[in-house]
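Structure, as structure tokens:
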Amino acid sequence: MYGNLSVTDSKPKRNILEGEDPERLAEFEAKILRGEKIEPHDWMPKEYRRQLIRMIEQHAHSEIIGALPEGTWITRAPSFKRKMALMAKVQDESGHCQLLYNAAETLGKSREAMINDLLIGKSKYSNVFNYPAKTWADTAVIAWLIDASAIVNQVANSKGSYGPYCRALERICQEESFHLRYGYHNVVTLATGTPLQREMVQEALNRWWRPIMHFFGPPDTVSEHGAILMKWKVKMASNDDMRQSFLKQYLPKIFELGLTVPDIDLHQDAETKQWIIGDPDWDEFFRVINGDGPCNAERLAVRRTAEENGAWVRRALKKNTHAYTVPLS
Ligand code: FAQ
């Protein structure tokens, strides 16, 4: 199902709980099992903190970088109404990164350190935002199916164990559900429009399908962090289960619009009703998340420029001087 990927591709295991007090660890795990939330002032194993920082930070970076592919279409939206809607969406995504950076900061890593790790290429962000939005139809597919993928992941994980992350996810999901409806409306408009519009949306779907399959992470057999994150209820389902949940919900809607997906091996198992996908090229996934995708360099360059251009505002606020006296040019 997944080409030549196997468990032997994963890194060697280390003892992640070395040095932890067994009694406190047992109490912590019992609390999670009872469905209680862990809050910032509570005791937690070092590995729980490290994993949460890694995951929430990557999520925050994904939101801020994720605003870029669609953002490039604000000036080219096909009508004033759609321009307003797209602007609101892009603004929402930037707001989500604020909520997520705040949640990650409760674990002890500063926002400056997180942004720095993004800009030097140390921290990852979602694979999907390293591809270009070539046409207006790409923005429609992003807003419908990437927001849908994000919702599948985030609704599940909002029931997880770390209080600040779960509360941020709940709020984010409410806004993402507007994005999804906006995206679906755009896709329906194109799919039921002229032959050229229909062709445009099909081509966009063909471009985004594989990155969307990658979005949920590598197969469970090679997922490095999945087991411990699910044990501690940070991830509420495995990568493959999240991908399956997306396929079950959205493939029928795609087909209903008369659209297809570029996977000749895709089929539904007659007994289990599970969707079986072809190999979505996991080599490409690993290349992209490690910095070698079509737009990685461009995305980071834009963020670096934004960071440099905004530096004087942050300096002014930090010094608590009167920001309005700082010259604008
Ligand atoms: N992209 O062991 P696993 C959005 C990395 S928000 C890049 O399976 P894990 C909103 C992974 O980090 C989108 N890297 O990892 C929006 C790890 O590398 P590391 C973001 C990926 O953590 C919509 C390595 O591979 N959502 O879209 C990806 O157990 C529209 C091994 O993988 C979240 O961040 C990937 N797709 O599971 C904005 C949700 N997948 O750190 C604008 C929270 C895996 O060891 C427009 N995150 N990797 O160097 C999660 O649920 C999880 O972290 C997963 C990965 C499921 C992404």
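Identifiers for the structure tokens are assigned positionally: chains receive A, B, ... in sequence, residues are indexed from 1 per chain, and ligands are indexed from 1 in the order shown.
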Quiz item: Neighbours of ligand 1 within 7 Å, counting only C-alpha atoms and all ligand atoms, as number ranges by chain?
Solution: A: 54-56, 58-59, 62-63, 66-67, 93, 124-128, 142-143, 146-147, 150, 153-154, 214-218, 220, 223-226, 229, 235, 239, 289
Name the residues of stretch 158-290 of chain A that fall into strand (DSSP E or B) according to DSSP on the backbone, using the chain letters and numbers of this document, as a PyMOL selection string.
chain A and resi 162+267-268+275-276
Restrict the calculation to only C-alpha atoms, then for each residue of stretch 5-111 of chain A with any atom at most 12 Å from an atom of stretch 293-312 of chain A give the closest atom pair and their distance in Å to one decimal, rows by chain and rising residue number, as a tab-separated table.
```
residue	atom	partner	partner_atom	distance
A:His61	CA	A:Arg303	CA	10.2
A:Ser62	CA	A:Arg299	CA	11.0
A:Ile64	CA	A:Arg303	CA	8.6
A:Ile65	CA	A:Arg299	CA	6.8
A:Gly66	CA	A:Arg299	CA	9.3
A:Ala67	CA	A:Arg299	CA	10.2
A:Leu68	CA	A:Arg299	CA	7.3
A:Pro69	CA	A:Arg299	CA	8.7
A:Gly71	CA	A:Val302	CA	11.6
A:Thr72	CA	A:Val302	CA	11.3
```
With N, CA and C atoms kept, could you save the residues just selected as a PDB file, in the first residue's frame?
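Below is the file that was written, selection.pdb:
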```
ATOM      1  N   HIS A  61       3.540  27.300  13.083  1.00  0.00           N
ATOM      2  CA  HIS A  61       4.259  27.691  11.861  1.00  0.00           C
ATOM      3  C   HIS A  61       3.420  27.380  10.619  1.00  0.00           C
ATOM      4  N   SER A  62       2.686  26.263  10.674  1.00  0.00           N
ATOM      5  CA  SER A  62       1.871  25.878   9.510  1.00  0.00           C
ATOM      6  C   SER A  62       0.788  26.911   9.242  1.00  0.00           C
ATOM      7  N   ILE A  64       0.908  30.196   9.967  1.00  0.00           N
ATOM      8  CA  ILE A  64       1.439  31.470   9.451  1.00  0.00           C
ATOM      9  C   ILE A  64       1.990  31.293   8.031  1.00  0.00           C
ATOM     10  N   ILE A  65       2.670  30.166   7.793  1.00  0.00           N
ATOM     11  CA  ILE A  65       3.152  29.912   6.424  1.00  0.00           C
ATOM     12  C   ILE A  65       1.961  29.555   5.536  1.00  0.00           C
ATOM     13  N   GLY A  66       0.963  28.897   6.136  1.00  0.00           N
ATOM     14  CA  GLY A  66      -0.229  28.481   5.382  1.00  0.00           C
ATOM     15  C   GLY A  66      -1.029  29.646   4.835  1.00  0.00           C
ATOM     16  N   ALA A  67      -0.830  30.824   5.407  1.00  0.00           N
ATOM     17  CA  ALA A  67      -1.545  32.001   4.884  1.00  0.00           C
ATOM     18  C   ALA A  67      -0.953  32.445   3.539  1.00  0.00           C
ATOM     19  N   LEU A  68       0.261  31.986   3.222  1.00  0.00           N
ATOM     20  CA  LEU A  68       0.948  32.539   2.046  1.00  0.00           C
ATOM     21  C   LEU A  68       0.410  32.067   0.682  1.00  0.00           C
ATOM     22  N   PRO A  69       0.209  30.749   0.458  1.00  0.00           N
ATOM     23  CA  PRO A  69      -0.256  30.350  -0.891  1.00  0.00           C
ATOM     24  C   PRO A  69      -1.563  31.033  -1.282  1.00  0.00           C
ATOM     25  N   GLY A  71      -2.748  33.753   0.187  1.00  0.00           N
ATOM     26  CA  GLY A  71      -2.535  35.204   0.289  1.00  0.00           C
ATOM     27  C   GLY A  71      -2.123  35.827  -1.036  1.00  0.00           C
ATOM     28  N   THR A  72      -1.383  35.045  -1.841  1.00  0.00           N
ATOM     29  CA  THR A  72      -0.915  35.600  -3.124  1.00  0.00           C
ATOM     30  C   THR A  72      -2.086  35.863  -4.073  1.00  0.00           C
TER      31      THR A  72
END
```
Of the listed residues A:Asp92, A:Asp42, A:Glu105, A:Glu36, that which approaches A:Gln174 most closely, counting only C-alpha atoms:
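Closest residue, counting only C-alpha atoms: A:Asp92.
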Here atom CA of A:Lys248 and atom CA of A:Asp283 stand apart by 25.1 Å
Near-stretch 185-195 of chain A list (10 Å; only C-alpha atoms; drop same-chain fewer than 2 positions) as a short mmCIF file (atom, residue, chain, number, x, y, z; two decimals) with N, CA, C and O atoms, in the first residue's frame:
```cif
data_model
loop_
_atom_site.label_atom_id
_atom_site.label_comp_id
_atom_site.auth_asym_id
_atom_site.auth_seq_id
_atom_site.Cartn_x
_atom_site.Cartn_y
_atom_site.Cartn_z
N ARG A 82 -15.50 37.87 -3.28
CA ARG A 82 -14.55 36.76 -3.03
C ARG A 82 -13.23 37.29 -2.45
O ARG A 82 -12.59 36.63 -1.64
N TRP A 136 -6.72 30.34 -9.52
CA TRP A 136 -7.76 30.62 -8.51
C TRP A 136 -8.37 29.32 -7.99
O TRP A 136 -8.72 29.20 -6.82
N ALA A 137 -8.43 28.31 -8.88
CA ALA A 137 -9.02 27.02 -8.46
C ALA A 137 -8.17 26.36 -7.37
O ALA A 137 -8.70 25.63 -6.53
N ASP A 138 -6.87 26.62 -7.37
CA ASP A 138 -6.03 26.05 -6.30
C ASP A 138 -6.47 26.60 -4.94
O ASP A 138 -6.49 25.86 -3.95
N THR A 139 -6.83 27.88 -4.90
CA THR A 139 -7.25 28.45 -3.61
C THR A 139 -8.56 27.79 -3.16
O THR A 139 -8.79 27.60 -1.97
N ALA A 140 -9.41 27.45 -4.14
CA ALA A 140 -10.68 26.79 -3.80
C ALA A 140 -10.41 25.40 -3.20
O ALA A 140 -11.00 25.02 -2.18
N VAL A 141 -9.50 24.67 -3.83
CA VAL A 141 -9.18 23.32 -3.34
C VAL A 141 -8.50 23.40 -1.97
O VAL A 141 -8.80 22.61 -1.07
N ILE A 142 -7.62 24.38 -1.79
CA ILE A 142 -6.96 24.52 -0.47
C ILE A 142 -8.03 24.78 0.59
O ILE A 142 -8.07 24.12 1.63
N ALA A 143 -8.89 25.77 0.32
CA ALA A 143 -9.86 26.17 1.36
C ALA A 143 -10.85 25.05 1.65
O ALA A 143 -11.31 24.91 2.79
N TRP A 144 -11.18 24.25 0.63
CA TRP A 144 -12.12 23.16 0.90
C TRP A 144 -11.39 21.97 1.53
O TRP A 144 -11.64 21.60 2.68
N LEU A 145 -10.42 21.42 0.81
CA LEU A 145 -9.91 20.11 1.23
C LEU A 145 -8.75 20.18 2.22
O LEU A 145 -8.59 19.26 3.03
N HIS A 179 -14.17 28.40 6.76
CA HIS A 179 -13.25 28.33 5.61
C HIS A 179 -13.66 27.19 4.68
O HIS A 179 -13.63 27.31 3.47
N LEU A 180 -14.00 26.07 5.31
CA LEU A 180 -14.37 24.89 4.53
C LEU A 180 -15.60 25.20 3.67
O LEU A 180 -15.65 24.86 2.49
N ARG A 181 -16.59 25.87 4.26
CA ARG A 181 -17.80 26.19 3.48
C ARG A 181 -17.50 27.17 2.36
O ARG A 181 -18.03 27.06 1.26
N TYR A 182 -16.62 28.12 2.65
CA TYR A 182 -16.20 29.09 1.63
C TYR A 182 -15.50 28.35 0.49
O TYR A 182 -15.77 28.57 -0.70
N GLY A 183 -14.60 27.42 0.84
CA GLY A 183 -13.87 26.67 -0.17
C GLY A 183 -14.80 25.78 -0.99
O GLY A 183 -14.69 25.71 -2.21
N GLN A 197 -13.70 26.33 -16.57
CA GLN A 197 -13.66 26.39 -15.09
C GLN A 197 -13.60 24.99 -14.49
O GLN A 197 -12.88 24.73 -13.54
N ARG A 198 -14.36 24.10 -15.10
CA ARG A 198 -14.38 22.71 -14.63
C ARG A 198 -13.00 22.06 -14.79
O ARG A 198 -12.50 21.40 -13.89
N GLU A 199 -12.41 22.32 -15.93
CA GLU A 199 -11.07 21.78 -16.19
C GLU A 199 -10.06 22.36 -15.18
O GLU A 199 -9.19 21.65 -14.67
N MET A 200 -10.24 23.65 -14.89
CA MET A 200 -9.31 24.33 -13.97
C MET A 200 -9.38 23.69 -12.57
O MET A 200 -8.35 23.45 -11.94
N VAL A 201 -10.59 23.42 -12.11
CA VAL A 201 -10.72 22.86 -10.76
C VAL A 201 -10.24 21.41 -10.72
O VAL A 201 -9.64 20.97 -9.73
N GLN A 202 -10.48 20.66 -11.81
CA GLN A 202 -9.98 19.28 -11.84
C GLN A 202 -8.45 19.26 -11.82
O GLN A 202 -7.83 18.47 -11.11
N LEU A 205 -7.24 19.99 -8.36
CA LEU A 205 -7.41 18.81 -7.50
C LEU A 205 -6.31 17.78 -7.78
O LEU A 205 -5.74 17.18 -6.86
N ILE A 254 -16.45 14.61 -3.42
CA ILE A 254 -15.66 14.92 -4.63
C ILE A 254 -16.33 14.25 -5.83
O ILE A 254 -16.56 14.86 -6.87
N LEU A 257 -19.52 15.73 -7.24
CA LEU A 257 -19.36 16.90 -8.13
C LEU A 257 -18.85 16.49 -9.52
O LEU A 257 -18.55 17.35 -10.35
N GLY A 258 -18.69 15.20 -9.74
CA GLY A 258 -18.21 14.71 -11.04
C GLY A 258 -16.71 14.89 -11.18
O GLY A 258 -16.17 14.80 -12.29
N LEU A 259 -16.01 15.12 -10.06
CA LEU A 259 -14.55 15.27 -10.11
C LEU A 259 -13.90 13.92 -9.81
O LEU A 259 -14.54 13.03 -9.23
#
```
Subject >> d(atom CA of A:Ile228, atom CA of A:Ile16) in Å >> reply: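 Taking atom CA of A:Ile228 and atom CA of A:Ile16, their separation equals 9.5 Å.
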Using only C-alpha atoms, the best pick from A:Met230, A:Arg315, A:Val152, A:Glu271 as closest to A:Gln249 would be A:Val152
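When only C-alpha atoms are used to measure the gap to A:Ser123, the shortest distance among A:Ile276, A:Ala60, A:Ile32, A:Val313 belongs to A:Ala60.
Note that atom CA of A:Leu99 and atom CA of A:Ala168 are 5.9 Å apart.
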*Backbone-only DSSP, alpha helix (DSSP H) members of stretch 182-312 of chain A, as a VMD selection string*: chain A and resid 182 to 191 195 to 215 226 to 231 239 to 256 282 to 289 296 to 309 311 to 312
**Message:** List as a list in words the protein and nucleic acid residues near A:Met114, meaning an atom at most 9 Å away when only C-alpha atoms are counted, but skip any in the same chain fewer than 3 places from it.
**Reply:** Glu57, His61, Tyr101, Lys109, Ser110, Arg111, Asp117, Leu118, Leu119 and Ser123 of chain A
Between A:Lys233, A:Val288, A:Ile212, A:Pro219, smallest distance to A:Leu247 by only C-alpha atoms belongs to A:Ile212
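With only C-alpha atoms as the atoms that count, the minimum distance from A:Trp73 to the choices A:Val234, A:Leu33, A:Val261, A:Ala133 is reached by A:Ala133.
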